[in-house]
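Data block for input_9.csv (CSV, C-alpha atoms and all ligand atoms):
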```
chain,number,residue,atom,x,y,z
A,24,MET,CA,100.3,123.5,121.1
A,25,ALA,CA,100.0,119.7,120.4
A,26,PRO,CA,97.7,118.9,117.5
A,27,LYS,CA,94.2,117.6,118.3
A,28,ILE,CA,93.4,114.1,116.9
A,29,PHE,CA,89.9,112.6,116.8
A,30,VAL,CA,89.4,109.0,115.8
A,31,ASP,CA,85.8,108.8,114.4
A,32,GLY,CA,84.9,105.2,115.0
A,33,GLU,CA,87.2,104.9,118.0
A,34,HIS,CA,85.1,102.1,119.5
A,35,GLY,CA,85.4,99.8,116.5
A,36,THR,CA,88.1,97.3,115.6
A,37,THR,CA,90.4,99.6,113.6
A,38,GLY,CA,89.7,102.6,115.8
A,39,LEU,CA,90.5,100.8,119.1
A,40,GLN,CA,93.9,99.7,117.6
A,41,ILE,CA,94.7,103.2,116.6
A,42,LEU,CA,93.9,104.5,120.1
A,43,GLU,CA,96.2,101.8,121.5
A,44,ARG,CA,99.0,103.2,119.4
A,45,LEU,CA,98.3,106.8,120.2
A,46,THR,CA,97.4,106.7,123.9
A,47,GLY,CA,100.1,108.1,126.1
A,48,ARG,CA,101.8,110.1,123.4
A,49,SER,CA,102.8,113.6,124.6
A,50,ASP,CA,103.1,115.1,121.1
A,51,ILE,CA,99.4,114.9,120.4
A,52,ASP,CA,96.2,115.7,122.2
A,53,LEU,CA,93.6,112.9,121.8
A,54,LEU,CA,89.9,114.0,121.6
A,55,SER,CA,87.5,111.2,122.5
A,56,ILE,CA,83.8,110.5,122.0
A,57,PRO,CA,81.9,108.6,124.7
A,58,HIS,CA,80.8,105.1,123.6
A,59,ALA,CA,77.1,106.1,124.1
A,60,ASP,CA,77.5,109.1,121.7
A,61,ARG,CA,79.4,107.3,118.9
A,62,HIS,CA,76.5,107.6,116.5
A,63,ASP,CA,75.4,111.1,117.6
A,64,LYS,CA,75.9,113.4,114.6
A,65,ASP,CA,76.0,116.6,116.6
A,66,VAL,CA,78.7,115.3,119.0
A,67,ARG,CA,80.7,113.9,116.1
A,68,LYS,CA,80.4,117.1,114.1
A,69,ALA,CA,81.7,119.2,117.0
A,70,LEU,CA,84.7,116.9,117.5
A,71,LEU,CA,85.4,116.7,113.7
A,72,ARG,CA,85.5,120.5,113.5
A,73,GLU,CA,87.6,120.9,116.6
A,74,ALA,CA,90.2,118.4,115.6
A,75,ASP,CA,93.3,119.3,113.6
A,76,PHE,CA,93.4,115.7,112.3
A,77,ALA,CA,90.5,113.2,112.1
A,78,ILE,CA,91.1,109.5,111.4
A,79,LEU,CA,88.0,107.9,110.1
A,80,CYS,CA,87.4,104.2,111.1
A,81,LEU,CA,83.8,104.0,109.8
A,82,PRO,CA,81.8,102.4,107.1
A,83,ASP,CA,82.1,104.2,103.7
A,84,ASP,CA,78.9,106.3,103.9
A,85,ALA,CA,79.6,107.5,107.5
A,86,ALA,CA,83.2,108.4,106.4
A,87,ARG,CA,81.8,110.6,103.6
A,88,GLU,CA,79.4,112.1,106.1
A,89,SER,CA,82.3,113.0,108.4
A,90,VAL,CA,84.1,114.8,105.7
A,91,ALA,CA,81.0,116.8,104.9
A,92,MET,CA,80.4,117.7,108.5
A,93,ALA,CA,83.9,119.2,108.8
A,94,GLU,CA,83.6,121.3,105.7
A,95,GLY,CA,85.3,124.7,106.0
A,96,ALA,CA,86.9,123.8,109.4
A,97,GLY,CA,90.3,123.0,107.9
A,98,THR,CA,90.4,119.5,109.5
A,99,ARG,CA,92.9,117.2,107.9
A,100,PHE,CA,91.7,113.6,107.3
A,101,ILE,CA,93.0,110.1,107.2
A,102,ASP,CA,90.3,107.8,106.0
A,103,ALA,CA,90.6,104.0,106.7
A,104,SER,CA,87.5,103.2,104.7
A,105,THR,CA,87.1,102.5,101.0
A,106,ALA,CA,85.2,105.7,100.3
A,107,HIS,CA,87.9,107.9,98.9
A,108,ARG,CA,90.7,105.6,97.8
A,109,THR,CA,90.4,106.2,94.0
A,110,ASN,CA,89.3,109.8,94.4
A,111,PRO,CA,91.9,112.0,92.6
A,112,ASN,CA,91.5,114.7,95.3
A,113,TRP,CA,92.8,112.3,98.0
A,114,VAL,CA,96.4,111.2,98.4
A,115,PHE,CA,96.8,107.5,98.7
A,116,GLY,CA,98.2,106.6,102.1
A,117,PHE,CA,100.8,104.2,101.1
A,118,LYS,CA,104.1,105.9,101.8
A,119,GLU,CA,106.2,103.3,99.9
A,120,LEU,CA,104.2,103.8,96.6
A,121,GLU,CA,107.1,105.6,94.9
A,122,PRO,CA,110.0,107.9,95.9
A,123,GLY,CA,108.6,111.2,97.2
A,124,HIS,CA,105.2,109.9,98.0
A,125,GLY,CA,105.7,110.3,101.8
A,126,GLU,CA,106.1,114.0,101.2
A,127,LYS,CA,102.7,114.1,99.4
A,128,ILE,CA,101.1,112.4,102.4
A,129,ALA,CA,102.8,114.8,104.7
A,130,GLN,CA,101.4,117.9,102.9
A,131,ALA,CA,97.9,116.5,102.2
A,132,GLN,CA,94.6,117.6,103.7
A,133,TYR,CA,92.9,114.4,102.6
A,134,VAL,CA,94.6,111.0,102.8
A,135,ALA,CA,92.8,107.7,101.9
A,136,ASN,CA,94.5,104.7,103.4
A,137,PRO,CA,94.7,101.5,101.3
A,138,GLY,CA,92.7,98.4,102.2
A,139,CYS,CA,94.5,95.6,103.9
A,140,TYR,CA,94.7,93.2,100.9
A,141,SER,CA,95.5,96.1,98.5
A,142,THR,CA,98.4,97.1,100.8
A,143,GLY,CA,100.0,93.7,100.1
A,144,ALA,CA,99.0,93.5,96.4
A,145,ILE,CA,100.1,97.0,95.5
A,146,ALA,CA,103.4,96.5,97.5
A,147,LEU,CA,104.1,93.5,95.2
A,148,ILE,CA,102.9,94.8,91.9
A,149,ARG,CA,103.7,98.5,91.8
A,150,PRO,CA,107.5,98.3,91.9
A,151,LEU,CA,107.5,95.9,89.0
A,152,THR,CA,105.1,97.8,86.7
A,153,GLN,CA,106.9,101.0,87.6
A,154,ALA,CA,110.3,99.5,86.7
A,155,GLY,CA,108.8,98.0,83.4
A,156,LEU,CA,109.4,94.4,84.6
A,157,LEU,CA,105.7,93.6,84.6
A,158,PRO,CA,103.9,94.9,81.5
A,159,LYS,CA,101.1,97.2,82.5
A,160,ASP,CA,98.7,95.2,80.3
A,161,ALA,CA,99.5,92.0,82.2
A,162,LEU,CA,96.6,89.8,83.3
A,163,VAL,CA,97.3,89.5,87.1
A,164,THR,CA,95.8,87.1,89.6
A,165,ILE,CA,95.9,87.8,93.4
A,166,PHE,CA,95.0,85.5,96.3
A,167,GLY,CA,94.6,86.7,99.8
A,168,VAL,CA,94.0,85.1,103.2
A,169,SER,CA,93.1,87.4,106.1
A,170,GLY,CA,92.5,87.0,109.8
A,171,TYR,CA,88.9,87.5,110.7
A,172,THR,CA,89.3,90.9,112.4
A,173,GLY,CA,89.5,92.1,108.8
A,174,GLY,CA,85.7,92.0,108.7
A,175,GLY,CA,85.3,94.3,111.7
A,176,LYS,CA,82.9,93.8,114.6
A,177,GLY,CA,80.4,92.0,112.5
A,178,LEU,CA,82.7,89.1,111.3
A,179,ILE,CA,84.4,88.9,114.7
A,180,ALA,CA,81.0,88.2,116.3
A,181,GLN,CA,80.2,85.6,113.7
A,182,MET,CA,83.5,83.8,114.2
A,183,GLU,CA,83.6,84.0,118.0
A,184,SER,CA,79.9,83.4,118.9
A,185,ASN,CA,77.4,80.6,118.7
A,186,GLY,CA,74.6,82.8,117.4
A,187,GLU,CA,72.3,82.1,114.5
A,188,ASP,CA,74.7,83.5,111.9
A,189,ALA,CA,77.8,82.0,113.5
A,190,ILE,CA,80.5,80.8,111.1
A,191,ASP,CA,82.0,77.4,112.0
A,192,ALA,CA,84.4,77.0,109.0
A,193,PRO,CA,88.1,77.0,109.8
A,194,TYR,CA,88.7,78.7,106.4
A,195,PHE,CA,86.5,80.1,103.7
A,196,LEU,CA,86.5,81.9,100.4
A,197,TYR,CA,84.2,84.9,99.9
A,198,ALA,CA,83.7,87.6,97.2
A,199,THR,CA,83.7,84.7,94.8
A,200,ARG,CA,82.0,86.8,92.2
A,201,LEU,CA,85.4,88.4,91.8
A,202,ALA,CA,84.3,92.0,92.4
A,203,HIS,CA,85.9,92.7,95.8
A,204,LYS,CA,86.1,96.3,96.8
A,205,HIS,CA,89.9,96.4,96.8
A,206,VAL,CA,90.1,95.7,93.0
A,207,PRO,CA,89.8,99.3,91.8
A,208,GLU,CA,92.5,100.7,94.1
A,209,THR,CA,94.8,97.8,93.3
A,210,GLN,CA,94.4,98.3,89.6
A,211,LYS,CA,94.9,102.1,89.9
A,212,TYR,CA,97.9,102.1,92.2
A,213,GLY,CA,99.4,98.9,90.7
A,214,LEU,CA,99.4,100.8,87.4
A,215,LEU,CA,97.5,97.9,85.7
A,216,GLU,CA,95.5,98.4,82.5
A,217,HIS,CA,93.2,95.5,83.3
A,218,ALA,CA,91.4,94.8,86.6
A,219,PRO,CA,93.3,92.1,88.4
A,220,LEU,CA,91.5,88.9,89.3
A,221,PHE,CA,91.3,88.9,93.1
A,222,GLN,CA,90.1,86.0,95.3
A,223,PRO,CA,90.1,86.7,99.1
A,224,SER,CA,89.6,84.3,101.9
A,225,VAL,CA,89.5,84.2,105.7
A,226,GLY,CA,91.1,81.9,108.2
A,227,ARG,CA,90.2,81.1,111.8
A,228,PHE,CA,92.8,83.4,113.4
A,229,PRO,CA,92.2,87.0,114.5
A,230,GLN,CA,95.1,88.9,112.9
A,231,GLY,CA,97.5,88.4,110.1
A,232,MET,CA,97.4,88.1,106.3
A,233,LEU,CA,99.1,86.7,103.3
A,234,VAL,CA,98.7,88.2,99.8
A,235,GLN,CA,100.0,86.2,96.8
A,236,VAL,CA,100.7,87.2,93.2
A,237,PRO,CA,101.8,84.1,91.3
A,238,LEU,CA,103.5,84.9,87.9
A,239,HIS,CA,105.0,83.0,85.0
A,240,MET,CA,108.4,84.4,84.2
A,241,ALA,CA,107.3,84.3,80.5
A,242,ALA,CA,104.8,87.0,81.3
A,243,LEU,CA,107.5,89.3,82.7
A,244,LYS,CA,110.2,91.4,81.1
A,245,ALA,CA,112.7,90.3,83.8
A,246,SER,CA,115.4,87.9,82.9
A,247,SER,CA,115.3,85.9,86.2
A,248,ARG,CA,113.8,85.5,89.6
A,249,GLU,CA,116.9,87.3,90.9
A,250,ALA,CA,116.1,90.3,88.7
A,251,VAL,CA,112.6,90.6,90.2
A,252,HIS,CA,113.9,90.3,93.7
A,253,ALA,CA,116.6,92.9,93.0
A,254,ALA,CA,113.9,95.4,91.7
A,255,LEU,CA,111.9,94.9,94.9
A,256,VAL,CA,115.0,95.3,97.1
A,257,SER,CA,115.8,98.5,95.3
A,258,HIS,CA,112.3,99.9,95.6
A,259,TYR,CA,112.1,99.2,99.4
A,260,ASN,CA,115.7,100.2,100.1
A,261,GLY,CA,115.8,102.1,103.4
A,262,SER,CA,112.1,101.5,104.2
A,263,GLN,CA,111.2,101.4,107.8
A,264,HIS,CA,108.1,99.3,107.4
A,265,VAL,CA,108.7,97.0,104.4
A,266,ARG,CA,111.3,94.3,104.3
A,267,VAL,CA,112.2,92.2,101.3
A,268,ALA,CA,113.5,88.8,102.5
A,269,ALA,CA,116.7,87.5,101.0
A,270,LEU,CA,116.1,84.7,98.4
A,271,ALA,CA,118.0,82.3,100.6
A,272,GLU,CA,115.8,83.1,103.5
A,273,SER,CA,112.7,82.5,101.5
A,274,ASP,CA,114.1,79.3,100.0
A,275,ALA,CA,114.8,77.9,103.5
A,276,LEU,CA,111.3,78.4,104.8
A,277,PRO,CA,109.4,75.1,105.1
A,278,ARG,CA,106.1,77.1,105.3
A,279,LEU,CA,104.8,80.6,105.7
A,280,ASP,CA,102.4,81.4,108.6
A,281,PRO,CA,99.9,84.2,107.9
A,282,THR,CA,100.0,85.2,111.6
A,283,GLN,CA,103.7,85.6,111.8
A,284,LEU,CA,103.6,89.4,111.7
A,285,ALA,CA,100.4,89.8,113.8
A,286,GLY,CA,100.9,92.6,116.3
A,287,THR,CA,103.4,94.5,114.2
A,288,ASP,CA,103.1,97.4,111.8
A,289,THR,CA,105.5,96.0,109.2
A,290,MET,CA,105.3,93.9,106.0
A,291,ASP,CA,107.6,91.2,104.7
A,292,ILE,CA,107.9,90.4,101.0
A,293,HIS,CA,109.0,87.0,99.6
A,294,VAL,CA,109.9,86.1,96.1
A,295,PHE,CA,109.4,82.3,96.0
A,296,GLY,CA,109.9,80.0,93.0
A,297,HIS,CA,112.4,79.1,90.4
A,298,ASP,CA,113.6,80.1,86.9
A,299,ASN,CA,110.2,79.7,85.2
A,300,GLN,CA,107.6,80.6,87.8
A,301,ILE,CA,107.6,82.9,90.8
A,302,ASN,CA,105.1,83.6,93.6
A,303,LEU,CA,105.3,87.0,95.2
A,304,VAL,CA,104.0,87.0,98.7
A,305,ALA,CA,103.3,89.8,101.2
A,306,SER,CA,102.9,89.0,104.8
A,307,LEU,CA,101.4,91.6,107.2
A,308,ASP,CA,98.9,92.2,110.0
A,309,ASN,CA,95.6,93.2,108.5
A,310,LEU,CA,95.2,95.6,111.4
A,311,GLY,CA,98.8,96.7,111.5
A,312,LYS,CA,100.4,97.7,108.2
A,313,GLY,CA,97.0,96.8,106.7
A,314,ALA,CA,95.0,99.4,108.7
A,315,SER,CA,95.6,101.0,112.1
A,316,GLY,CA,99.4,100.9,111.9
A,317,ALA,CA,99.3,102.5,108.4
A,318,CYS,CA,96.9,105.2,109.7
A,319,VAL,CA,99.4,106.1,112.4
A,320,GLN,CA,102.3,106.1,109.9
A,321,ALA,CA,100.4,108.6,107.8
A,322,LEU,CA,99.6,110.7,110.8
A,323,ASP,CA,103.2,110.8,111.9
A,324,LEU,CA,104.1,112.2,108.5
A,325,MET,CA,101.3,114.7,108.5
A,326,VAL,CA,101.7,116.1,112.0
A,327,GLN,CA,105.2,117.3,111.1
A,328,VAL,CA,103.7,119.8,108.5
B,401,LIG,N1,89.3,95.6,110.1
B,401,LIG,C1,90.3,95.7,109.2
B,401,LIG,O1,91.3,94.9,109.1
B,401,LIG,C2,90.3,96.9,108.3
B,401,LIG,C3,89.2,97.8,108.2
B,401,LIG,N2,89.3,98.9,107.4
B,401,LIG,C4,88.2,99.8,107.2
B,401,LIG,O2,88.1,100.6,108.4
B,401,LIG,C5,86.7,101.0,108.6
B,401,LIG,C6,86.3,100.5,110.0
B,401,LIG,O3,86.4,99.1,110.0
B,401,LIG,P1,86.4,98.2,111.3
B,401,LIG,O4,87.0,99.0,112.4
B,401,LIG,O5,86.9,96.9,111.0
B,401,LIG,O6,84.8,98.2,111.6
B,401,LIG,P2,84.0,97.9,112.9
B,401,LIG,O7,82.6,97.5,112.5
B,401,LIG,O8,84.8,97.1,113.9
B,401,LIG,O9,83.9,99.4,113.6
B,401,LIG,C7,83.2,100.5,113.0
B,401,LIG,C8,82.8,101.5,114.0
B,401,LIG,O10,82.1,102.5,113.4
B,401,LIG,C9,80.9,102.7,114.1
B,401,LIG,N3,79.9,103.2,113.2
B,401,LIG,C10,79.2,102.5,112.2
B,401,LIG,N4,78.4,103.3,111.5
B,401,LIG,C11,78.5,104.6,112.1
B,401,LIG,C12,77.9,105.8,111.8
B,401,LIG,N5,77.0,106.0,110.8
B,401,LIG,N6,78.3,106.9,112.6
B,401,LIG,C13,79.2,106.7,113.6
B,401,LIG,N7,79.8,105.6,113.9
B,401,LIG,C14,79.5,104.5,113.1
B,401,LIG,C15,80.5,101.4,114.6
B,401,LIG,O11,79.6,101.5,115.7
B,401,LIG,P3,79.0,100.2,116.5
B,401,LIG,O12,80.0,100.1,117.6
B,401,LIG,O13,77.7,100.6,116.9
B,401,LIG,O14,79.0,99.1,115.6
B,401,LIG,C16,81.9,100.8,115.1
B,401,LIG,O15,82.2,101.3,116.4
B,401,LIG,C17,85.9,100.3,107.5
B,401,LIG,O16,85.7,101.2,106.5
B,401,LIG,C18,86.8,99.2,107.1
B,401,LIG,O17,86.5,98.8,105.8
B,401,LIG,C19,90.4,99.1,106.6
B,401,LIG,C20,91.5,98.2,106.6
B,401,LIG,C21,91.4,97.0,107.4
B,402,LIG,C1,88.4,89.7,106.0
B,402,LIG,C2,87.5,90.8,105.5
B,402,LIG,O1,86.3,90.8,105.5
B,402,LIG,N1,88.1,91.9,105.1
B,402,LIG,C3,87.5,93.0,104.5
B,402,LIG,C4,88.5,94.0,104.1
B,402,LIG,C5,89.2,94.7,105.2
B,402,LIG,C6,89.8,96.0,104.7
B,402,LIG,O2,90.9,96.2,104.2
B,402,LIG,O3,88.9,97.0,104.8
B,402,LIG,P1,88.4,98.2,103.8
B,402,LIG,O4,88.9,98.0,102.4
B,402,LIG,O5,87.0,98.2,104.0
B,402,LIG,O6,89.0,99.3,104.4
B,402,LIG,C7,86.6,92.7,103.4
B,402,LIG,O7,87.0,91.9,102.6
B,402,LIG,O8,85.6,93.4,103.2
```

The structure in this file should be written as structure tokens.
Amino acid sequence: MAPKIFVDGEHGTTGLQILERLTGRSDIDLLSIPHADRHDKDVRKALLREADFAILCLPDDAARESVAMAEGAGTRFIDASTAHRTNPNWVFGFKELEPGHGEKIAQAQYVANPGCYSTGAIALIRPLTQAGLLPKDALVTIFGVSGYTGGGKGLIAQMESNGEDAIDAPYFLYATRLAHKHVPETQKYGLLEHAPLFQPSVGRFPQGMLVQVPLHMAALKASSREAVHAALVSHYNGSQHVRVAALAESDALPRLDPTQLAGTDTMDIHVFGHDNQINLVASLDNLGKGASGACVQALDLMVQV
């Protein structure tokens, strides 16, 4: 019998994109909650307990509530929210974290998917700390720009309407107190001893994202930009969803457009720079590899077990 999948939050931004990816598949049986019932706890509870797999596309508190409502039912979870990402009882849903991690996701009952920015940041940092090229006690700085769908229905409405709280800016920084919610997971899965400094921003485009980690070569234990690039190539060798651009390709780019991978579930990595300084850049769709696409990638591993 095909496994039953319920997307709790299916009428939201991330949930809708997951449904788009799952609708029409014959290997799964999609359960659905009517729009009018989406906040009804009894209806959600029944669906969460009936499902073999529940994908949570909800605010953090509601995600915790969903897990509690399914207690004892054996439901396996993929949570897109921040609620469980640093919880040691949950497997982090980034298959490319290290060799063998996909198998851990496949076997897990509880999978916490990374945030969109942290997907990019961890993808850049982890292979280098793991290989000993970036010291774990390094003081790391991260910059990110996201499409505005990253802020869900609330930010989409502010960017697209003329209402009282409309945002007119073509580009803005936020979380300027440097305490963004993705910092703890980036520190933990980036294997960093110190919390990285992270400054996010939003541009007036719906989907797409760039995450940058600029580094002085003097701060690294790598001999050259080529050595850093080689470590990343080796880490992502054979990966279906992460591509490390050749140095010549990166050097030939006159500019990098944050929307270039919008609508895809893949991520590109660039190692820009020269002998003394490098800028590691991840390009992805915040709703693709950064959210909905990543949830489906985790589900595809889990349904096989
Ligand atoms: N957007 C993105 O790029 C990313 C989002 N995420 C995470 O995914 C989760 C969902 O985000 P996103 O889809 O953007 O958010 P949205 O606001 O677009 O959608 C959330 C959905 O959950 C519903 N909801 C809210 N509270 C409850 C509740 N208590 N019970 C039942 N349903 C509820 C909302 O209902 P209503 O329709 O009434 O608003 C809405 O349909 C969040 O935790 C977010 O942080 C993760 C990675 C990237
Ligand atoms: C542009 C924007 O607002 N982005 C969201 C993060 C999107 C994301 O990755 O969400 P979760 O970590 O909540 O799952 C933010 O900064 O809060």

Can you tell me which residues come within 6 Å of ligand LIG 402 (chain B) when counting only C-alpha atoms and all ligand atoms, ideally as a list in words?
Ala103, Ser104, Thr105, Gly138, Cys139, Tyr140, Ser169, Tyr171, Gly173, Gly174, His205 and Val225 of chain A

So that I can see what lies close to segment 264-274 of chain A, please list as a list in words the residues with an atom at most 8 Å from it, counting all atoms listed in the file and leaving out residues fewer than 4 positions away in the same chain.
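Those residues are Glu249, His252, Leu255, Val256, Tyr259, Asp288, Thr289, Met290, Asp291, Ile292, His293, Val294, Phe295 and Lys312 of chain A.
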
Kindly work out which residues sit at most 6 Å from ligand LIG 401 (chain B), using only C-alpha atoms and all ligand atoms, and give the list as a PyMOL selection string.
chain A and resi 32+34-38+61-62+80-83+85+103-105+138-139+172-177+309-310+313-314

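Between atom CA of Leu220 of chain A and atom CA of Thr287 of chain A the interatomic distance comes to 28.2 Å.
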
From the list A:Val66, A:Val134, A:Ala218, A:Leu156, which residue is nearest Arg248 of chain A when using all atoms listed in the file?
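Among the listed residues, the smallest separation from Arg248 of chain A belongs to A:Leu156.
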
Around all listed atoms of segment 206-221 of chain A, padded 8 Å per side, what centre and edge lengths does the axis-aligned box have in Å to one decimal, as AutoDock Vina command-line options?
```
--center_x 94.6 --center_y 95.5 --center_z 88.3 --size_x 25.6 --size_y 29.2 --size_z 27.6
```

Name the residues, using the chain letters and numbers of the file, that sit within 12 Å of (94.7, 85.5, 89.2) when counting all atoms listed in the file, and give them as a PDB file with C-alpha atoms, keeping the file's coordinate frame.
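So the final result, stored in part_1.pdb, reads:
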```pdb
ATOM      1  CA  ALA A 144      99.000  93.500  96.400  1.00  0.00           C
ATOM      2  CA  ALA A 161      99.500  92.000  82.200  1.00  0.00           C
ATOM      3  CA  LEU A 162      96.600  89.800  83.300  1.00  0.00           C
ATOM      4  CA  VAL A 163      97.300  89.500  87.100  1.00  0.00           C
ATOM      5  CA  THR A 164      95.800  87.100  89.600  1.00  0.00           C
ATOM      6  CA  ILE A 165      95.900  87.800  93.400  1.00  0.00           C
ATOM      7  CA  PHE A 166      95.000  85.500  96.300  1.00  0.00           C
ATOM      8  CA  GLY A 167      94.600  86.700  99.800  1.00  0.00           C
ATOM      9  CA  LEU A 201      85.400  88.400  91.800  1.00  0.00           C
ATOM     10  CA  VAL A 206      90.100  95.700  93.000  1.00  0.00           C
ATOM     11  CA  HIS A 217      93.200  95.500  83.300  1.00  0.00           C
ATOM     12  CA  ALA A 218      91.400  94.800  86.600  1.00  0.00           C
ATOM     13  CA  PRO A 219      93.300  92.100  88.400  1.00  0.00           C
ATOM     14  CA  LEU A 220      91.500  88.900  89.300  1.00  0.00           C
ATOM     15  CA  PHE A 221      91.300  88.900  93.100  1.00  0.00           C
ATOM     16  CA  GLN A 222      90.100  86.000  95.300  1.00  0.00           C
ATOM     17  CA  PRO A 223      90.100  86.700  99.100  1.00  0.00           C
ATOM     18  CA  VAL A 234      98.700  88.200  99.800  1.00  0.00           C
ATOM     19  CA  GLN A 235     100.000  86.200  96.800  1.00  0.00           C
ATOM     20  CA  VAL A 236     100.700  87.200  93.200  1.00  0.00           C
ATOM     21  CA  PRO A 237     101.800  84.100  91.300  1.00  0.00           C
ATOM     22  CA  LEU A 238     103.500  84.900  87.900  1.00  0.00           C
ATOM     23  CA  HIS A 239     105.000  83.000  85.000  1.00  0.00           C
ATOM     24  CA  ASN A 302     105.100  83.600  93.600  1.00  0.00           C
TER      25      ASN A 302
END
```

Exercise: residues within 8 Å of coordinate (89.6, 76.6, 115.1), counting all atoms listed in the file, as a VMD selection string:
chain A and resid 193 227 to 228

Keeping only C-alpha atoms, write the selected residues as an mmCIF file, in the frame of the given file.
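As written to disk, result_4.cif reads:
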```
data_model
loop_
_atom_site.group_PDB
_atom_site.id
_atom_site.type_symbol
_atom_site.label_atom_id
_atom_site.label_comp_id
_atom_site.auth_asym_id
_atom_site.auth_seq_id
_atom_site.Cartn_x
_atom_site.Cartn_y
_atom_site.Cartn_z
ATOM 1 C CA PRO A 193 88.100 77.000 109.800
ATOM 2 C CA ARG A 227 90.200 81.100 111.800
ATOM 3 C CA PHE A 228 92.800 83.400 113.400
#
```

Who sits within 9 Å of Asp52 of chain A, all atoms listed in the file, same chain under 2 positions skipped, as a PyMOL selection string
chain A and resi 24-29+48-50+54

The distance between atom CA of Gln327 of chain A and atom CA of Tyr212 of chain A is 25.3 Å

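Contact shell of segment 96-101 of chain A at 9 Å (only C-alpha atoms; same-chain neighbours under 5 positions omitted): A:Leu71, A:Arg72, A:Glu73, A:Ala74, A:Asp75, A:Phe76, A:Ala77, A:Ile78, A:Leu79, A:Val90, A:Gly116, A:Ala131, A:Gln132, A:Tyr133, A:Val134, A:Ala135, A:Asn136, A:Cys318, A:Ala321, A:Leu322, A:Met325.
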
Can you work out the spacing between atom CA of Gly231 of chain A and atom CA of Leu307 of chain A in Å, to one decimal?
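So the two atoms, atom CA of Gly231 of chain A and atom CA of Leu307 of chain A, lie 5.8 Å apart.
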
Contacts of segment 149-153 of chain A at 10 Å or less, counting all atoms listed in the file, minus same-chain residues fewer than 4 places along, as a compact mmCIF listing (two decimals) with C-alpha atoms, keeping the file's coordinate frame?
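out_0.txt written:
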```txt
# COMPACT_ATOMS: atom_id res chain seq x y z
CA GLU A 119 106.20 103.30 99.90
CA LEU A 120 104.20 103.80 96.60
CA GLU A 121 107.10 105.60 94.90
CA ALA A 144 99.00 93.50 96.40
CA ILE A 145 100.10 97.00 95.50
CA LEU A 157 105.70 93.60 84.60
CA PRO A 158 103.90 94.90 81.50
CA LYS A 159 101.10 97.20 82.50
CA ASP A 160 98.70 95.20 80.30
CA ALA A 161 99.50 92.00 82.20
CA THR A 209 94.80 97.80 93.30
CA GLN A 210 94.40 98.30 89.60
CA LYS A 211 94.90 102.10 89.90
CA TYR A 212 97.90 102.10 92.20
CA GLY A 213 99.40 98.90 90.70
CA LEU A 214 99.40 100.80 87.40
CA LEU A 215 97.50 97.90 85.70
CA LEU A 243 107.50 89.30 82.70
CA LYS A 244 110.20 91.40 81.10
CA ALA A 245 112.70 90.30 83.80
CA VAL A 251 112.60 90.60 90.20
CA HIS A 252 113.90 90.30 93.70
CA ALA A 254 113.90 95.40 91.70
CA LEU A 255 111.90 94.90 94.90
CA VAL A 256 115.00 95.30 97.10
CA SER A 257 115.80 98.50 95.30
CA HIS A 258 112.30 99.90 95.60
CA TYR A 259 112.10 99.20 99.40
```

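When all atoms listed in the file are used to compute distances to Ile56 of chain A, the closest of the residues A:Leu70, A:Ala180, A:Ile128, A:Ile148 turns out to be A:Leu70.
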
Which residue out of A:Glu43, A:Glu216, A:Asp188, A:Asp323 has the minimum interatomic distance to Val30 of chain A when all atoms listed in the file are used?
A:Glu43

Given only C-alpha atoms as the counted atoms, nearest of A:Asp63, A:Phe117, A:Ala69, A:Ala275 to Gly316 of chain A:
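Of all the options, A:Phe117 lies closest to Gly316 of chain A.
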
Nearest to Ala106 of chain A among A:Glu183, A:Lys64, A:Pro207, A:Pro277, with distances taken over all atoms listed in the file: which residue is it?
A:Pro207

Could you check the closest approach to Tyr197 of chain A for each of A:Ala285, A:Ala253, A:Val168, A:Val319 and tell me which residue wins, using only C-alpha atoms?
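That would be A:Val168, the residue with the smallest distance to Tyr197 of chain A.
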
Have segment 26-33 of chain A completed to N, CA and C atoms, please, and pass it along as an mmCIF file, in the frame of the given file.
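Everything below was put into part_17.cif:
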```
data_model
loop_
_atom_site.group_PDB
_atom_site.id
_atom_site.type_symbol
_atom_site.label_atom_id
_atom_site.label_comp_id
_atom_site.auth_asym_id
_atom_site.auth_seq_id
_atom_site.Cartn_x
_atom_site.Cartn_y
_atom_site.Cartn_z
ATOM 1 N N PRO A 26 98.868 119.028 118.341
ATOM 2 C CA PRO A 26 97.700 118.900 117.500
ATOM 3 C C PRO A 26 96.635 117.997 118.049
ATOM 4 N N LYS A 27 95.372 118.390 117.788
ATOM 5 C CA LYS A 27 94.200 117.600 118.300
ATOM 6 C C LYS A 27 93.854 116.525 117.298
ATOM 7 N N ILE A 28 93.755 115.292 117.798
ATOM 8 C CA ILE A 28 93.400 114.100 116.900
ATOM 9 C C ILE A 28 92.098 113.553 117.398
ATOM 10 N N PHE A 29 91.187 113.329 116.450
ATOM 11 C CA PHE A 29 89.900 112.600 116.800
ATOM 12 C C PHE A 29 89.803 111.400 115.894
ATOM 13 N N VAL A 30 89.598 110.252 116.531
ATOM 14 C CA VAL A 30 89.400 109.000 115.800
ATOM 15 C C VAL A 30 87.875 108.764 115.740
ATOM 16 N N ASP A 31 87.265 109.048 114.582
ATOM 17 C CA ASP A 31 85.800 108.800 114.400
ATOM 18 C C ASP A 31 85.606 107.358 114.120
ATOM 19 N N GLY A 32 84.979 106.656 115.065
ATOM 20 C CA GLY A 32 84.900 105.200 115.000
ATOM 21 C C GLY A 32 85.842 104.559 115.977
ATOM 22 N N GLU A 33 86.209 105.328 117.017
ATOM 23 C CA GLU A 33 87.200 104.900 118.000
ATOM 24 C C GLU A 33 86.817 103.604 118.734
#
```
